[in-house]
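Below you'll find the structure, written out as structure tokens, and then a few comments.
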Amino acid sequence: MRALEPWVEEPLMTFLSESEARLTLLMTSAGQVVAQHGFTRAVDIMAAAALGAAILSSTEEMARVLGVRPFRALTHQGQSHGVFLSAFETPRGRLLGLVVYGHDTSLGVVKLFFDRMVDDLMVNVPLEGRKTQVLAENFENELHSSLRALFGR
Amino acid sequence: MTETYRESLEGLSRLRGITGAMMVSADDGLVVAESLMEGIPGEAVAALAASLMRRMGTAVSAAGFALPSFMHLQAAVGALLVVPAGPDTLLIIIGDQNVNLGLARIEMLQAVEQMA
């Protein structure tokens, strides 16, 4: 597990050990990767971050068109893996969580401990800091700078 | 189908000492239908009980037995009972210290037959 923000570490470690998730990515909606677990290549994180953000944006637009409140989470159940994608508000702005899990756990367990992680993050989050405005050019810059910090290049 | 589940669950919930009954998706651990007393965290119990049942199944299979047909978890002030209700669902009952385990077990097996 690698985290760029120390306040994320403990809640994320607890989530990982309880949920048995295989891959986890926490990022801001501006594209900055806050923490990751299980990814070994920066290019994979880049793809997952961009696709995750795009999928959530699409579902939010769909909710807007349907005239309902934005969907809180989205799941995809595959043959061998499942994907859980959720956005939540914090005092430091919106965070997105992307979790990939296998047969050794379940959607219910992932969802349960993800919600607990969000509660723990709310307790740990430092109140100072900025909310970043989401712009297309910011997304790419923030993503690249956080990947450089995570992978040291 | 959900209405049939609900009627069966409400019948089980009326038994002495039972504080909640749920139908849960076995693979996902998500609640399909529930009849719970206020304050019981149904989603958490469903997710963890389904996970436990799956692990019990793995352990029992490794020992060379068939899949578990009944799980009884006794705690200091209550009990958790789980019965497979078909290939994809579980019937879960939460009881306090006053639950009559024998009766609860019979009623659960009858409810599963009715729901099949």
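Identifiers in the structure tokens: chain A, B, ... in order shown; residue index from 1 per chain; ligand index from 1 in order shown.
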
Using only C-alpha atoms, what does the table of chain A residues within 9 Å of chain B look like, with each row giving the shortest atom pair and its distance in Å to one decimal, sorted by chain and ascending number, as a Markdown table?
```
| residue | atom | partner | partner_atom | distance |
| --- | --- | --- | --- | --- |
| A:His103 | CA | B:Asp27 | CA | 8.7 |
| A:Asp104 | CA | B:Arg55 | CA | 8.8 |
| A:Thr105 | CA | B:Ser51 | CA | 6.9 |
| A:Ser106 | CA | B:Asp28 | CA | 5.0 |
| A:Leu107 | CA | B:Asp28 | CA | 5.0 |
| A:Gly108 | CA | B:Ala47 | CA | 4.6 |
| A:Val109 | CA | B:Ala47 | CA | 5.1 |
| A:Val110 | CA | B:Ala47 | CA | 8.7 |
| A:Lys111 | CA | B:Ala47 | CA | 8.7 |
| A:Leu112 | CA | B:Ala44 | CA | 6.2 |
| A:Phe113 | CA | B:Ala44 | CA | 9.0 |
```

Skip Val83 (chain B) itself and residues of its chain fewer than 3 positions away, then list as a list of chain:residue names all residues within 7 Å of it, counting only C-alpha atoms.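 Once the nearby chain positions are removed, what remains is B:Ser69, B:Phe70, B:Met71, B:Leu90, B:Leu91, B:Ile92.
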
Could the residues in this selection be saved with N, CA and C atoms as a PDB file, in the first residue's frame?
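Dumped everything to part_19.pdb:
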```
ATOM      1  N   SER B  69     -25.265 -27.577   5.959  1.00  0.00           N
ATOM      2  CA  SER B  69     -26.714 -27.417   5.794  1.00  0.00           C
ATOM      3  C   SER B  69     -27.310 -26.559   6.904  1.00  0.00           C
ATOM      4  N   PHE B  70     -26.521 -26.278   7.917  1.00  0.00           N
ATOM      5  CA  PHE B  70     -27.000 -25.445   9.016  1.00  0.00           C
ATOM      6  C   PHE B  70     -25.794 -24.899   9.775  1.00  0.00           C
ATOM      7  N   MET B  71     -25.821 -23.622  10.090  1.00  0.00           N
ATOM      8  CA  MET B  71     -24.723 -23.052  10.882  1.00  0.00           C
ATOM      9  C   MET B  71     -25.313 -22.350  12.108  1.00  0.00           C
ATOM     10  N   LEU B  90     -29.318 -17.386   1.331  1.00  0.00           N
ATOM     11  CA  LEU B  90     -29.199 -17.891   2.698  1.00  0.00           C
ATOM     12  C   LEU B  90     -30.335 -17.298   3.529  1.00  0.00           C
ATOM     13  N   LEU B  91     -30.855 -18.106   4.433  1.00  0.00           N
ATOM     14  CA  LEU B  91     -31.809 -17.599   5.419  1.00  0.00           C
ATOM     15  C   LEU B  91     -31.030 -17.402   6.719  1.00  0.00           C
ATOM     16  N   ILE B  92     -31.043 -16.185   7.231  1.00  0.00           N
ATOM     17  CA  ILE B  92     -30.268 -15.858   8.439  1.00  0.00           C
ATOM     18  C   ILE B  92     -31.223 -15.393   9.540  1.00  0.00           C
TER      19      ILE B  92
END
```

All alpha helix (DSSP H) residues (DSSP, backbone) inside chain A, as a VMD selection string: chain A and resid 6 to 19 42 to 66 107 to 124 136 to 151

Residues of the last selection are to be written out with C-alpha atoms, as a tab-separated table (two decimals), in the first residue's frame.
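Written file, out-v7.tsv:
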```tsv
chain	number	residue	atom	x	y	z
A	6	PRO	CA	-0.66	10.16	5.89
A	7	TRP	CA	-4.22	10.56	7.26
A	8	VAL	CA	-5.43	8.02	4.70
A	9	GLU	CA	-3.01	5.25	5.71
A	10	GLU	CA	-4.66	3.76	8.78
A	11	PRO	CA	-8.26	3.67	7.48
A	12	LEU	CA	-7.05	2.23	4.18
A	13	MET	CA	-4.91	-0.43	5.88
A	14	THR	CA	-7.90	-1.49	7.97
A	15	PHE	CA	-10.09	-1.61	4.88
A	16	LEU	CA	-7.55	-3.72	2.99
A	17	SER	CA	-7.12	-6.25	5.79
A	18	GLU	CA	-10.86	-6.58	6.48
A	19	SER	CA	-12.18	-6.57	2.93
A	42	ALA	CA	2.01	3.80	-13.03
A	43	VAL	CA	0.35	3.25	-16.39
A	44	ASP	CA	-2.23	0.91	-14.81
A	45	ILE	CA	-3.10	3.51	-12.17
A	46	MET	CA	-3.36	6.15	-14.86
A	47	ALA	CA	-5.85	4.03	-16.82
A	48	ALA	CA	-7.84	3.02	-13.72
A	49	ALA	CA	-7.99	6.60	-12.42
A	50	ALA	CA	-9.09	8.04	-15.73
A	51	LEU	CA	-11.65	5.31	-16.40
A	52	GLY	CA	-13.01	5.36	-12.85
A	53	ALA	CA	-13.49	9.13	-12.92
A	54	ALA	CA	-15.10	8.90	-16.36
A	55	ILE	CA	-17.51	6.15	-15.30
A	56	LEU	CA	-18.61	8.11	-12.23
A	57	SER	CA	-19.09	11.24	-14.32
A	58	SER	CA	-21.23	9.27	-16.76
A	59	THR	CA	-23.44	7.85	-14.02
A	60	GLU	CA	-23.83	11.29	-12.47
A	61	GLU	CA	-24.93	12.69	-15.82
A	62	MET	CA	-27.31	9.77	-16.22
A	63	ALA	CA	-28.79	10.53	-12.78
A	64	ARG	CA	-29.16	14.17	-13.79
A	65	VAL	CA	-30.99	13.22	-17.00
A	66	LEU	CA	-33.25	10.84	-15.07
A	107	LEU	CA	-19.51	-7.28	-2.63
A	108	GLY	CA	-21.32	-7.09	0.71
A	109	VAL	CA	-18.07	-7.29	2.67
A	110	VAL	CA	-16.30	-4.78	0.39
A	111	LYS	CA	-19.23	-2.36	0.64
A	112	LEU	CA	-19.47	-2.76	4.42
A	113	PHE	CA	-15.78	-2.04	5.06
A	114	PHE	CA	-15.61	0.66	2.41
A	115	ASP	CA	-18.37	2.53	4.27
A	116	ARG	CA	-16.44	2.07	7.52
A	117	MET	CA	-13.28	3.35	5.84
A	118	VAL	CA	-15.17	6.46	4.72
A	119	ASP	CA	-16.30	7.03	8.34
A	120	ASP	CA	-12.70	6.61	9.55
A	121	LEU	CA	-11.40	8.98	6.88
A	122	MET	CA	-13.91	11.61	8.02
A	123	VAL	CA	-12.47	11.34	11.53
A	124	ASN	CA	-8.85	11.55	10.31
A	136	ALA	CA	-9.76	18.65	-17.78
A	137	GLU	CA	-6.24	20.09	-17.86
A	138	ASN	CA	-5.97	19.87	-14.03
A	139	PHE	CA	-6.98	16.22	-14.09
A	140	GLU	CA	-4.06	15.18	-16.28
A	141	ASN	CA	-1.53	17.34	-14.43
A	142	GLU	CA	-2.68	16.20	-10.98
A	143	LEU	CA	-2.68	12.58	-12.07
A	144	HIS	CA	0.86	12.76	-13.48
A	145	SER	CA	2.26	14.58	-10.44
A	146	SER	CA	0.71	12.10	-7.99
A	147	LEU	CA	2.02	9.16	-10.04
A	148	ARG	CA	5.51	10.69	-9.98
A	149	ALA	CA	5.25	10.97	-6.20
A	150	LEU	CA	3.96	7.42	-5.80
A	151	PHE	CA	6.43	5.74	-8.13
```

Show me, as a count of residues only, the residues that have an atom within 9 Å of Gly57 (chain B) when counting only C-alpha atoms, minus same-chain residues fewer than 4 positions from it. 7

Mind pulling up the distance from CA of Leu96 (chain A) to CA of Met1 (chain A)?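 CA of Leu96 (chain A) lies 16.7 Å from CA of Met1 (chain A).
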
In Å, how far is it from CA of Pro41 (chain B) to CA of Ile18 (chain B)?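 About the pair CA of Pro41 (chain B) and CA of Ile18 (chain B): they are 14.6 Å apart.
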
Tell me, in Å to one decimal, how far CA of Thr75 (chain A) is from CA of Ser29 (chain A). 18.4 Å

Need the shell around Arg2 (chain A): protein/DNA/RNA residues with any atom at most 7 Å away, counting only C-alpha atoms. Skip same-chain ones fewer than 2 positions apart. Format as a list in words? Leu4, Ala35, Gln36, His37 and Leu150 of chain A

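Among the candidates B:Ala75, B:Ile106, B:Val32, B:Met56, the one nearest to Asp88 (chain B) when counting only C-alpha atoms is B:Val32.
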